[in-house]
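Peer 1: My questions will all concern the structure given below.
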Amino acid sequence: MCAISSPRGGFNPRDVTDPALFMTRWITHFCAPAFVFLAGVSAFLYGERGRSTRQLSRFLLTRGIWLVLIELTLVRLAWTFSFDLGYFFSQVIFAIGASMIALSVLVFLPRSAVAAIALILIAWHNLLDPIKAEAFGPAAAIWNFLHEPALLQFGATVKWFAVYPLIPWIGVMAAGYAFGPVFMLDRAKRTRWLVGWGTVAVVGFVLLRASNVYGDPAPWSVQAGAIATLLSFVNCEKYPPSLLYLAMTIGPTLLLLAAVENARGRFAAWVTTFGRVPFFYYVVHVFVIHALAVIFAWVSGAETGWLFGPFPADKPNGYGVGLLGVFSVWLA
């Protein structure tokens, strides 16, 4: 909401010739895969606390439905500051809720079957890339929710921006659930598993990405400089998250989990506070950032009307602050 200023009124966070802007966006790629994967782990641990499979399934189903509804109401309000019911979007909270609903069914399967389904959804969903929504005729919107993001029109008045296609995200949560038993091992064994699988994912990413054969719709290419070439190499698709995008993010996440096993002290306790209330923090931070954007626009004499209504909106030319200003807002 606090946009980065640009002489053209816009910016491209995937521009490999602008390393600072690219990395500002790229580092955020770890958030959704880590959270969805660990949500699957949490579902497993929740079920292990003396609850039956049916109880776990019911919890996942009701929790998933609740998250979907919250995305379409409270979270939508946070992003738009508008009660206009002519525009909806399905982003990360919707994807988490829908994945929980899917997992509420998968938990009745053997864990090996859940792991196999997760692997198939993550590793092979890019084979579906050539299939376009229009091929399904009247059912095209279903494919948009599952695999191909799009701005959809329902009737004469309702628009829906399907941002987070569900097939790979369901796979990520199922993978976390199948990986759950690792977190019940003693620390030494757990660390070995985390390092082992994290390394497999990172090495697999490097080798497969280098081949440019499969795993992402956009191949990397040699650029004018070494840094731009490296950024092209890690410039993987998030919508939907490609196999290489997920390997690039989940692999280091597993290694980081192993590295912080022994983290203690004031900083660790401070970070843990956010980890205990992630949904609360997410919702509040969107409201706060949006409100700050309105205040910034008003104080700077810029147009404010575009900050109330359907998102994404077209911001006025010249609106925003530089990258350092955005970092300052984030830090505050």
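Ordered as shown in the structure tokens, chains take letters A, B, and onward, while each chain numbers its residues from 1 and ligands are numbered from 1 in the order shown.
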Please, which residues of region 107-226 of chain A, numbered as in this document, come out strand (DSSP E or B) from DSSP, as a PyMOL selection string?

Peer 2: chain A and resi 150-154+158-162

Peer 1: Excluding Gly86 (chain A) and any residue of its chain fewer than 4 positions from it, enumerate the residues within 7 Å of it, using only C-alpha atoms, and give them as a VMD selection string.

Peer 2: chain A and resid 157 to 159

Peer 1: Looking only at the backbone, which of the residues in region 23-185 of chain A does DSSP tag as alpha helix (DSSP H), as a ChimeraX atom specification?

Peer 2: /A:23-26,31-47,53-70,76-80,92-106,111-124,140-146,166-179

Peer 1: Given only C-alpha atoms as the basis, pick out the residue of A:Asn144, A:Pro252, A:Val234, A:Gly265 nearest to Val200 (chain A).

Peer 2: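 Between A:Asn144, A:Pro252, A:Val234, A:Gly265, the residue approaching Val200 (chain A) most closely is A:Pro252.
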
Peer 1: Any idea what's packed within 12 Å of Phe183 (chain A), counting only C-alpha atoms, ignoring anything in its chain fewer than 6 positions away? Could you give it as a ChimeraX atom specification?

Peer 2: /A:38,40-45,48,176-177,189-194,254,257-258,261

Peer 1: Would you output that residue set with N, CA and C atoms, as an mmCIF file, in the first residue's frame?

Peer 2:
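part_21.cif, written as the output of this step:
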data_model
loop_
_atom_site.group_PDB
_atom_site.id
_atom_site.type_symbol
_atom_site.label_atom_id
_atom_site.label_comp_id
_atom_site.auth_asym_id
_atom_site.auth_seq_id
_atom_site.Cartn_x
_atom_site.Cartn_y
_atom_site.Cartn_z
ATOM 1 N N LEU A 38 4.284 -25.400 7.208
ATOM 2 C CA LEU A 38 4.239 -25.562 8.657
ATOM 3 C C LEU A 38 2.802 -25.678 9.171
ATOM 4 N N GLY A 40 0.655 -27.514 7.653
ATOM 5 C CA GLY A 40 0.466 -28.956 7.534
ATOM 6 C C GLY A 40 1.120 -29.707 8.670
ATOM 7 N N VAL A 41 2.333 -29.281 9.057
ATOM 8 C CA VAL A 41 3.013 -29.882 10.204
ATOM 9 C C VAL A 41 2.164 -29.699 11.460
ATOM 10 N N SER A 42 1.637 -28.492 11.654
ATOM 11 C CA SER A 42 0.824 -28.205 12.826
ATOM 12 C C SER A 42 -0.427 -29.072 12.859
ATOM 13 N N ALA A 43 -1.017 -29.321 11.684
ATOM 14 C CA ALA A 43 -2.197 -30.183 11.624
ATOM 15 C C ALA A 43 -1.860 -31.584 12.115
ATOM 16 N N PHE A 44 -0.701 -32.090 11.709
ATOM 17 C CA PHE A 44 -0.282 -33.412 12.188
ATOM 18 C C PHE A 44 -0.104 -33.414 13.698
ATOM 19 N N LEU A 45 0.598 -32.414 14.235
ATOM 20 C CA LEU A 45 0.863 -32.358 15.673
ATOM 21 C C LEU A 45 -0.445 -32.192 16.455
ATOM 22 N N GLU A 48 -2.023 -35.511 16.816
ATOM 23 C CA GLU A 48 -1.289 -36.437 17.670
ATOM 24 C C GLU A 48 -1.557 -36.222 19.162
ATOM 25 N N GLY A 176 3.631 -30.900 4.323
ATOM 26 C CA GLY A 176 3.906 -30.575 5.715
ATOM 27 C C GLY A 176 3.285 -31.585 6.663
ATOM 28 N N TYR A 177 2.063 -32.018 6.344
ATOM 29 C CA TYR A 177 1.388 -33.020 7.174
ATOM 30 C C TYR A 177 2.167 -34.340 7.140
ATOM 31 N N LYS A 189 18.011 -36.259 15.693
ATOM 32 C CA LYS A 189 17.418 -36.906 14.517
ATOM 33 C C LYS A 189 16.612 -35.907 13.696
ATOM 34 N N ARG A 190 15.875 -35.052 14.384
ATOM 35 C CA ARG A 190 15.076 -34.055 13.666
ATOM 36 C C ARG A 190 15.978 -33.151 12.837
ATOM 37 N N THR A 191 17.081 -32.731 13.418
ATOM 38 C CA THR A 191 18.016 -31.862 12.700
ATOM 39 C C THR A 191 18.573 -32.559 11.465
ATOM 40 N N ARG A 192 18.911 -33.843 11.596
ATOM 41 C CA ARG A 192 19.433 -34.582 10.438
ATOM 42 C C ARG A 192 18.403 -34.653 9.325
ATOM 43 N N TRP A 193 17.157 -34.901 9.673
ATOM 44 C CA TRP A 193 16.097 -34.949 8.663
ATOM 45 C C TRP A 193 15.925 -33.590 7.987
ATOM 46 N N LEU A 194 15.904 -32.533 8.789
ATOM 47 C CA LEU A 194 15.713 -31.192 8.234
ATOM 48 C C LEU A 194 16.862 -30.822 7.302
ATOM 49 N N LEU A 254 13.717 -25.444 5.466
ATOM 50 C CA LEU A 254 14.062 -26.611 6.275
ATOM 51 C C LEU A 254 15.453 -26.450 6.890
ATOM 52 N N LEU A 257 15.161 -24.017 9.739
ATOM 53 C CA LEU A 257 14.559 -24.650 10.912
ATOM 54 C C LEU A 257 15.600 -25.453 11.688
ATOM 55 N N ALA A 258 16.478 -26.137 10.955
ATOM 56 C CA ALA A 258 17.542 -26.889 11.623
ATOM 57 C C ALA A 258 18.521 -25.945 12.312
ATOM 58 N N GLU A 261 17.295 -24.480 15.794
ATOM 59 C CA GLU A 261 16.857 -25.442 16.809
ATOM 60 C C GLU A 261 17.251 -24.989 18.217
#

Peer 1: Provide the CA of Pro241 (chain A) to CA of Gly64 (chain A) distance in Å, to one decimal place.

Peer 2: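 Straight-line distance from CA of Pro241 (chain A) to CA of Gly64 (chain A) works out to 20.4 Å.
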
Peer 1: Can you check which parts of region 190-233 of chain A lie within 12 Å of region 110-125 of chain A? Per residue, the shortest pair of atoms and distance in Å to one decimal, counting only C-alpha atoms, sorted by chain and number, as JSON lines.

Peer 2:
{"residue": "A:Ala201", "atom": "CA", "partner": "A:Ala123", "partner_atom": "CA", "distance": 11.5}
{"residue": "A:Gly204", "atom": "CA", "partner": "A:Ala123", "partner_atom": "CA", "distance": 11.5}
{"residue": "A:Phe205", "atom": "CA", "partner": "A:Ala123", "partner_atom": "CA", "distance": 11.5}
{"residue": "A:Leu208", "atom": "CA", "partner": "A:Ala123", "partner_atom": "CA", "distance": 11.6}
{"residue": "A:Tyr214", "atom": "CA", "partner": "A:Trp124", "partner_atom": "CA", "distance": 9.5}
{"residue": "A:Gly215", "atom": "CA", "partner": "A:Ala123", "partner_atom": "CA", "distance": 7.7}
{"residue": "A:Asp216", "atom": "CA", "partner": "A:His125", "partner_atom": "CA", "distance": 10.2}
{"residue": "A:Pro217", "atom": "CA", "partner": "A:His125", "partner_atom": "CA", "distance": 11.3}

Peer 1: Store the residues picked out above in a file with all heavy atoms, as a PDB file, in the first residue's frame.

Peer 2:
ATOM      1  N   ALA A 201      16.383 -30.534  -1.496  1.00  0.00           N
ATOM      2  CA  ALA A 201      15.559 -29.559  -2.203  1.00  0.00           C
ATOM      3  C   ALA A 201      16.410 -28.474  -2.848  1.00  0.00           C
ATOM      4  O   ALA A 201      16.175 -28.081  -4.000  1.00  0.00           O
ATOM      5  CB  ALA A 201      14.548 -28.936  -1.239  1.00  0.00           C
ATOM      6  N   GLY A 204      18.492 -30.035  -5.698  1.00  0.00           N
ATOM      7  CA  GLY A 204      17.566 -30.351  -6.781  1.00  0.00           C
ATOM      8  C   GLY A 204      17.147 -29.101  -7.532  1.00  0.00           C
ATOM      9  O   GLY A 204      17.047 -29.109  -8.775  1.00  0.00           O
ATOM     10  N   PHE A 205      16.888 -28.007  -6.782  1.00  0.00           N
ATOM     11  CA  PHE A 205      16.532 -26.741  -7.431  1.00  0.00           C
ATOM     12  C   PHE A 205      17.639 -26.278  -8.363  1.00  0.00           C
ATOM     13  O   PHE A 205      17.391 -25.921  -9.529  1.00  0.00           O
ATOM     14  CB  PHE A 205      16.247 -25.663  -6.390  1.00  0.00           C
ATOM     15  CG  PHE A 205      16.297 -24.264  -6.941  1.00  0.00           C
ATOM     16  CD1 PHE A 205      15.263 -23.792  -7.727  1.00  0.00           C
ATOM     17  CD2 PHE A 205      17.398 -23.446  -6.714  1.00  0.00           C
ATOM     18  CE1 PHE A 205      15.314 -22.513  -8.263  1.00  0.00           C
ATOM     19  CE2 PHE A 205      17.459 -22.171  -7.244  1.00  0.00           C
ATOM     20  CZ  PHE A 205      16.406 -21.705  -8.020  1.00  0.00           C
ATOM     21  N   LEU A 208      18.005 -28.690 -11.505  1.00  0.00           N
ATOM     22  CA  LEU A 208      16.882 -28.642 -12.432  1.00  0.00           C
ATOM     23  C   LEU A 208      16.744 -27.266 -13.063  1.00  0.00           C
ATOM     24  O   LEU A 208      16.452 -27.141 -14.258  1.00  0.00           O
ATOM     25  CB  LEU A 208      15.591 -29.035 -11.699  1.00  0.00           C
ATOM     26  CG  LEU A 208      14.340 -29.240 -12.558  1.00  0.00           C
ATOM     27  CD1 LEU A 208      14.601 -30.282 -13.641  1.00  0.00           C
ATOM     28  CD2 LEU A 208      13.157 -29.655 -11.695  1.00  0.00           C
ATOM     29  N   TYR A 214      12.541 -28.221 -17.092  1.00  0.00           N
ATOM     30  CA  TYR A 214      11.218 -28.369 -16.483  1.00  0.00           C
ATOM     31  C   TYR A 214      11.214 -27.693 -15.120  1.00  0.00           C
ATOM     32  O   TYR A 214      12.260 -27.513 -14.492  1.00  0.00           O
ATOM     33  CB  TYR A 214      10.880 -29.862 -16.307  1.00  0.00           C
ATOM     34  CG  TYR A 214       9.563 -30.108 -15.594  1.00  0.00           C
ATOM     35  CD1 TYR A 214       8.350 -29.941 -16.243  1.00  0.00           C
ATOM     36  CD2 TYR A 214       9.553 -30.493 -14.250  1.00  0.00           C
ATOM     37  CE1 TYR A 214       7.155 -30.153 -15.581  1.00  0.00           C
ATOM     38  CE2 TYR A 214       8.355 -30.716 -13.584  1.00  0.00           C
ATOM     39  CZ  TYR A 214       7.154 -30.538 -14.255  1.00  0.00           C
ATOM     40  OH  TYR A 214       5.968 -30.741 -13.594  1.00  0.00           O
ATOM     41  N   GLY A 215      10.021 -27.339 -14.673  1.00  0.00           N
ATOM     42  CA  GLY A 215       9.858 -26.868 -13.309  1.00  0.00           C
ATOM     43  C   GLY A 215       9.447 -25.429 -13.153  1.00  0.00           C
ATOM     44  O   GLY A 215       9.049 -25.018 -12.065  1.00  0.00           O
ATOM     45  N   ASP A 216       9.509 -24.633 -14.229  1.00  0.00           N
ATOM     46  CA  ASP A 216       9.083 -23.237 -14.160  1.00  0.00           C
ATOM     47  C   ASP A 216       8.719 -22.776 -15.569  1.00  0.00           C
ATOM     48  O   ASP A 216       9.426 -23.117 -16.533  1.00  0.00           O
ATOM     49  CB  ASP A 216      10.192 -22.356 -13.588  1.00  0.00           C
ATOM     50  CG  ASP A 216       9.679 -20.992 -13.157  1.00  0.00           C
ATOM     51  OD1 ASP A 216       9.265 -20.867 -11.987  1.00  0.00           O
ATOM     52  OD2 ASP A 216       9.673 -20.062 -13.986  1.00  0.00           O
ATOM     53  N   PRO A 217       7.644 -22.000 -15.707  1.00  0.00           N
ATOM     54  CA  PRO A 217       7.233 -21.589 -17.055  1.00  0.00           C
ATOM     55  C   PRO A 217       8.195 -20.631 -17.740  1.00  0.00           C
ATOM     56  O   PRO A 217       8.171 -20.495 -18.966  1.00  0.00           O
ATOM     57  CB  PRO A 217       5.867 -20.927 -16.817  1.00  0.00           C
ATOM     58  CG  PRO A 217       5.876 -20.530 -15.382  1.00  0.00           C
ATOM     59  CD  PRO A 217       6.694 -21.553 -14.683  1.00  0.00           C
TER      60      PRO A 217
END

Peer 1: Tell me, in Å to one decimal, how far CA of Phe233 (chain A) is from CA of Met248 (chain A).

Peer 2: 10.6 Å

Peer 1: Between CA of Val286 (chain A) and CA of Trp330 (chain A), measure the distance and give it in Å to one decimal.

Peer 2: 11.5 Å

Peer 1: Given only C-alpha atoms as the basis, pick out the residue of A:Leu60, A:Leu231, A:Val277, A:Ala297 nearest to Leu21 (chain A).

Peer 2: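 Of A:Leu60, A:Leu231, A:Val277, A:Ala297, the one nearest Leu21 (chain A), counting only C-alpha atoms, is A:Leu231.
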